[in-house]
Amino acid sequence: MISDGVKIRAQIDSESVRNVMLVNGGGSVVLIALLPNILYTPLVFAVLLTLAVWLLGLTLAVTHSVLRRKCSLIYEQYKMSPPAGTPVLGIQPKSPWVCWWSWKTLYASIVAFLVGGAIMVTLGFFNIDQLTHEPHNESMQPTPSARAD
């Protein structure tokens, strides 16, 4: 029988994965929405690079969910005490390899969000003078007649 503590930890893990997916996916959606407004600015490269990193992070979070399900099955088969994975290349996991990879993909997803954010902010700061002093493409700006009163 599964203890209440195991159930609570499983629920916390599920919420953590949802949060990681939310930040990577939500950030990606925001960047996609921002893209038409910055097409003719130096931020295009930063946005596209950050978008690629955050989409990688989202993919890693989804991969974590799949691996976590397989890890759960192994724990169930061994009555919550599976054997540790065999050492490979000096790595000695304390749990089965699928569980080890599951957690590494989750942590890598979190790192991807941080790296993507750092890229965006850093490239934004490097281009701050151009962004604040160069006139933007007028065709991208709404005309006064197109605005709703």
# chains A, B, ... in the order shown; residues from 1 in each chain; ligands from 1

call {"tool": "residues_around", "arguments": {"residues": "range 64-77 of chain A", "least_positions_apart": "6", "cutoff": "9 Å", "atoms": "only C-alpha atoms", "output": "list in words"}}
result
Ser14, Val17, Pro96, Trp97, Val98, Cys99, Trp100, Trp101, Ser102, Trp103, Lys104, Thr105, Leu106 and Ser109 of chain A

call {"tool": "residues_around", "arguments": {"residues": "Asn24 in chain A", "least_positions_apart": "4", "cutoff": "10 Å", "atoms": "only C-alpha atoms", "output": "PDB file with N, CA and C atoms, in the first residue's frame"}}
result
ATOM      1  N   ASN A  19       4.366  23.683 -13.317  1.00  0.00           N
ATOM      2  CA  ASN A  19       4.942  25.024 -13.202  1.00  0.00           C
ATOM      3  C   ASN A  19       6.084  25.237 -14.188  1.00  0.00           C
ATOM      4  N   VAL A  20       6.938  24.231 -14.335  1.00  0.00           N
ATOM      5  CA  VAL A  20       8.051  24.336 -15.283  1.00  0.00           C
ATOM      6  C   VAL A  20       7.505  24.442 -16.712  1.00  0.00           C
ATOM      7  N   SER A  28       7.355  31.273 -24.068  1.00  0.00           N
ATOM      8  CA  SER A  28       7.403  31.087 -25.522  1.00  0.00           C
ATOM      9  C   SER A  28       6.232  31.780 -26.204  1.00  0.00           C
ATOM     10  N   VAL A  29       5.051  31.662 -25.641  1.00  0.00           N
ATOM     11  CA  VAL A  29       3.866  32.306 -26.213  1.00  0.00           C
ATOM     12  C   VAL A  29       4.033  33.831 -26.206  1.00  0.00           C
ATOM     13  N   LEU A  51      13.483  31.979 -27.726  1.00  0.00           N
ATOM     14  CA  LEU A  51      12.359  31.096 -28.062  1.00  0.00           C
ATOM     15  C   LEU A  51      12.844  29.666 -28.274  1.00  0.00           C
ATOM     16  N   VAL A  53      15.518  28.250 -26.994  1.00  0.00           N
ATOM     17  CA  VAL A  53      15.943  27.687 -25.701  1.00  0.00           C
ATOM     18  C   VAL A  53      14.721  27.306 -24.864  1.00  0.00           C
ATOM     19  N   TRP A  54      13.696  28.166 -24.843  1.00  0.00           N
ATOM     20  CA  TRP A  54      12.504  27.866 -24.046  1.00  0.00           C
ATOM     21  C   TRP A  54      11.708  26.709 -24.633  1.00  0.00           C
ATOM     22  N   LEU A  55      11.709  26.561 -25.954  1.00  0.00           N
ATOM     23  CA  LEU A  55      11.037  25.404 -26.550  1.00  0.00           C
ATOM     24  C   LEU A  55      11.792  24.116 -26.218  1.00  0.00           C
ATOM     25  N   LEU A  56      13.115  24.191 -26.158  1.00  0.00           N
ATOM     26  CA  LEU A  56      13.899  23.046 -25.696  1.00  0.00           C
ATOM     27  C   LEU A  56      13.527  22.722 -24.251  1.00  0.00           C
ATOM     28  N   GLY A  57      13.404  23.743 -23.414  1.00  0.00           N
ATOM     29  CA  GLY A  57      13.008  23.536 -22.022  1.00  0.00           C
ATOM     30  C   GLY A  57      11.637  22.902 -21.901  1.00  0.00           C
ATOM     31  N   LEU A  58      10.719  23.327 -22.752  1.00  0.00           N
ATOM     32  CA  LEU A  58       9.378  22.735 -22.750  1.00  0.00           C
ATOM     33  C   LEU A  58       9.431  21.269 -23.167  1.00  0.00           C
ATOM     34  N   THR A  59      10.233  20.976 -24.166  1.00  0.00           N
ATOM     35  CA  THR A  59      10.404  19.585 -24.613  1.00  0.00           C
ATOM     36  C   THR A  59      11.008  18.733 -23.502  1.00  0.00           C
ATOM     37  N   ALA A  61      10.689  19.242 -20.293  1.00  0.00           N
ATOM     38  CA  ALA A  61       9.662  19.059 -19.254  1.00  0.00           C
ATOM     39  C   ALA A  61       8.674  17.968 -19.657  1.00  0.00           C
ATOM     40  N   SER A 109      15.313  21.506 -17.828  1.00  0.00           N
ATOM     41  CA  SER A 109      14.229  22.378 -18.272  1.00  0.00           C
ATOM     42  C   SER A 109      14.223  23.684 -17.484  1.00  0.00           C
ATOM     43  N   ILE A 110      14.452  23.593 -16.198  1.00  0.00           N
ATOM     44  CA  ILE A 110      14.523  24.796 -15.355  1.00  0.00           C
ATOM     45  C   ILE A 110      15.727  25.651 -15.777  1.00  0.00           C
ATOM     46  N   ALA A 112      17.069  25.711 -18.698  1.00  0.00           N
ATOM     47  CA  ALA A 112      16.765  26.292 -20.009  1.00  0.00           C
ATOM     48  C   ALA A 112      15.972  27.586 -19.866  1.00  0.00           C
ATOM     49  N   PHE A 113      15.038  27.619 -18.930  1.00  0.00           N
ATOM     50  CA  PHE A 113      14.279  28.849 -18.721  1.00  0.00           C
ATOM     51  C   PHE A 113      15.195  29.977 -18.246  1.00  0.00           C
ATOM     52  N   LEU A 114      16.084  29.667 -17.311  1.00  0.00           N
ATOM     53  CA  LEU A 114      17.012  30.677 -16.806  1.00  0.00           C
ATOM     54  C   LEU A 114      17.968  31.154 -17.895  1.00  0.00           C
ATOM     55  N   GLY A 116      17.486  31.047 -21.203  1.00  0.00           N
ATOM     56  CA  GLY A 116      16.728  31.835 -22.169  1.00  0.00           C
ATOM     57  C   GLY A 116      16.466  33.244 -21.672  1.00  0.00           C
TER      58      GLY A 116
END

call {"tool": "select_by_dssp", "arguments": {"residues": "chain A", "states": "helix (DSSP H, G or I)", "output": "number ranges by chain"}}
result
A: 4-38, 43-77, 97-126, 128-133, 138-140, 144-146

call {"tool": "write_last_selection", "arguments": {"atoms": "C-alpha atoms", "output": "tab-separated table (two decimals), in the first residue's frame"}}
result
chain	number	residue	atom	x	y	z
A	4	ASP	CA	0.10	9.27	2.27
A	5	GLY	CA	3.58	10.80	2.15
A	6	VAL	CA	4.28	9.15	-1.21
A	7	LYS	CA	0.96	10.41	-2.57
A	8	ILE	CA	1.66	13.94	-1.34
A	9	ARG	CA	5.17	13.93	-2.87
A	10	ALA	CA	3.76	12.64	-6.17
A	11	GLN	CA	1.23	15.50	-6.18
A	12	ILE	CA	3.97	18.03	-5.42
A	13	ASP	CA	6.07	16.58	-8.25
A	14	SER	CA	3.12	16.90	-10.63
A	15	GLU	CA	2.61	20.53	-9.65
A	16	SER	CA	6.34	21.23	-10.10
A	17	VAL	CA	6.28	19.84	-13.64
A	18	ARG	CA	3.19	21.90	-14.46
A	19	ASN	CA	4.94	25.02	-13.20
A	20	VAL	CA	8.05	24.34	-15.28
A	21	MET	CA	5.88	23.74	-18.36
A	22	LEU	CA	3.96	26.93	-17.61
A	23	VAL	CA	7.03	29.17	-17.43
A	24	ASN	CA	8.69	27.70	-20.53
A	25	GLY	CA	5.46	27.50	-22.54
A	26	GLY	CA	4.09	30.83	-21.32
A	27	GLY	CA	7.38	32.57	-22.03
A	28	SER	CA	7.40	31.09	-25.52
A	29	VAL	CA	3.87	32.31	-26.21
A	30	VAL	CA	4.78	35.81	-25.04
A	31	LEU	CA	7.82	35.89	-27.31
A	32	ILE	CA	5.78	34.70	-30.29
A	33	ALA	CA	3.25	37.46	-29.59
A	34	LEU	CA	6.07	40.01	-29.29
A	35	LEU	CA	7.78	38.97	-32.52
A	36	PRO	CA	5.74	41.09	-34.99
A	37	ASN	CA	6.48	44.23	-32.95
A	38	ILE	CA	10.25	43.80	-32.99
A	43	LEU	CA	15.95	42.19	-30.60
A	44	VAL	CA	14.83	39.76	-33.31
A	45	PHE	CA	17.89	37.56	-32.82
A	46	ALA	CA	17.51	37.62	-29.02
A	47	VAL	CA	13.82	36.70	-29.21
A	48	LEU	CA	14.36	33.85	-31.68
A	49	LEU	CA	17.30	32.45	-29.71
A	50	THR	CA	15.40	32.69	-26.44
A	51	LEU	CA	12.36	31.10	-28.06
A	52	ALA	CA	14.50	28.16	-29.20
A	53	VAL	CA	15.94	27.69	-25.70
A	54	TRP	CA	12.50	27.87	-24.05
A	55	LEU	CA	11.04	25.40	-26.55
A	56	LEU	CA	13.90	23.05	-25.70
A	57	GLY	CA	13.01	23.54	-22.02
A	58	LEU	CA	9.38	22.74	-22.75
A	59	THR	CA	10.40	19.58	-24.61
A	60	LEU	CA	12.57	18.53	-21.66
A	61	ALA	CA	9.66	19.06	-19.25
A	62	VAL	CA	7.40	16.89	-21.39
A	63	THR	CA	10.14	14.25	-21.61
A	64	HIS	CA	10.39	14.34	-17.82
A	65	SER	CA	6.69	13.50	-17.55
A	66	VAL	CA	7.06	10.47	-19.81
A	67	LEU	CA	10.15	9.23	-17.98
A	68	ARG	CA	8.55	9.86	-14.59
A	69	ARG	CA	5.64	7.61	-15.56
A	70	LYS	CA	8.08	4.84	-16.50
A	71	CYS	CA	9.99	5.40	-13.26
A	72	SER	CA	6.75	5.10	-11.30
A	73	LEU	CA	6.03	1.78	-12.99
A	74	ILE	CA	9.45	0.45	-11.97
A	75	TYR	CA	8.90	1.54	-8.37
A	76	GLU	CA	5.53	-0.22	-8.41
A	77	GLN	CA	7.05	-3.43	-9.81
A	97	TRP	CA	18.38	5.02	-14.85
A	98	VAL	CA	14.97	6.05	-16.12
A	99	CYS	CA	14.35	7.82	-12.81
A	100	TRP	CA	17.78	9.44	-12.92
A	101	TRP	CA	17.13	10.74	-16.45
A	102	SER	CA	13.67	11.88	-15.44
A	103	TRP	CA	15.05	14.25	-12.82
A	104	LYS	CA	17.91	15.43	-15.04
A	105	THR	CA	15.44	16.45	-17.76
A	106	LEU	CA	13.37	18.40	-15.23
A	107	TYR	CA	16.43	20.24	-13.90
A	108	ALA	CA	17.64	20.90	-17.45
A	109	SER	CA	14.23	22.38	-18.27
A	110	ILE	CA	14.52	24.80	-15.36
A	111	VAL	CA	18.06	25.73	-16.45
A	112	ALA	CA	16.77	26.29	-20.01
A	113	PHE	CA	14.28	28.85	-18.72
A	114	LEU	CA	17.01	30.68	-16.81
A	115	VAL	CA	19.41	30.59	-19.77
A	116	GLY	CA	16.73	31.83	-22.17
A	117	GLY	CA	15.85	34.69	-19.85
A	118	ALA	CA	19.52	35.59	-19.43
A	119	ILE	CA	19.99	35.62	-23.21
A	120	MET	CA	17.01	37.92	-23.70
A	121	VAL	CA	18.04	40.36	-20.98
A	122	THR	CA	21.74	40.37	-21.95
A	123	LEU	CA	21.11	40.98	-25.65
A	124	GLY	CA	18.51	43.58	-24.74
A	125	PHE	CA	21.06	45.47	-22.65
A	126	PHE	CA	23.70	45.20	-25.39
A	128	ILE	CA	19.63	49.31	-25.46
A	129	ASP	CA	21.03	52.37	-27.27
A	130	GLN	CA	19.73	51.24	-30.64
A	131	LEU	CA	16.38	50.32	-29.17
A	132	THR	CA	15.87	53.69	-27.48
A	133	HIS	CA	17.34	56.05	-30.11
A	138	GLU	CA	6.62	53.24	-39.14
A	139	SER	CA	4.71	50.59	-41.07
A	140	MET	CA	4.58	48.46	-37.93
A	144	PRO	CA	-4.41	57.06	-35.79
A	145	SER	CA	-7.44	56.09	-37.90
A	146	ALA	CA	-7.00	52.40	-37.02
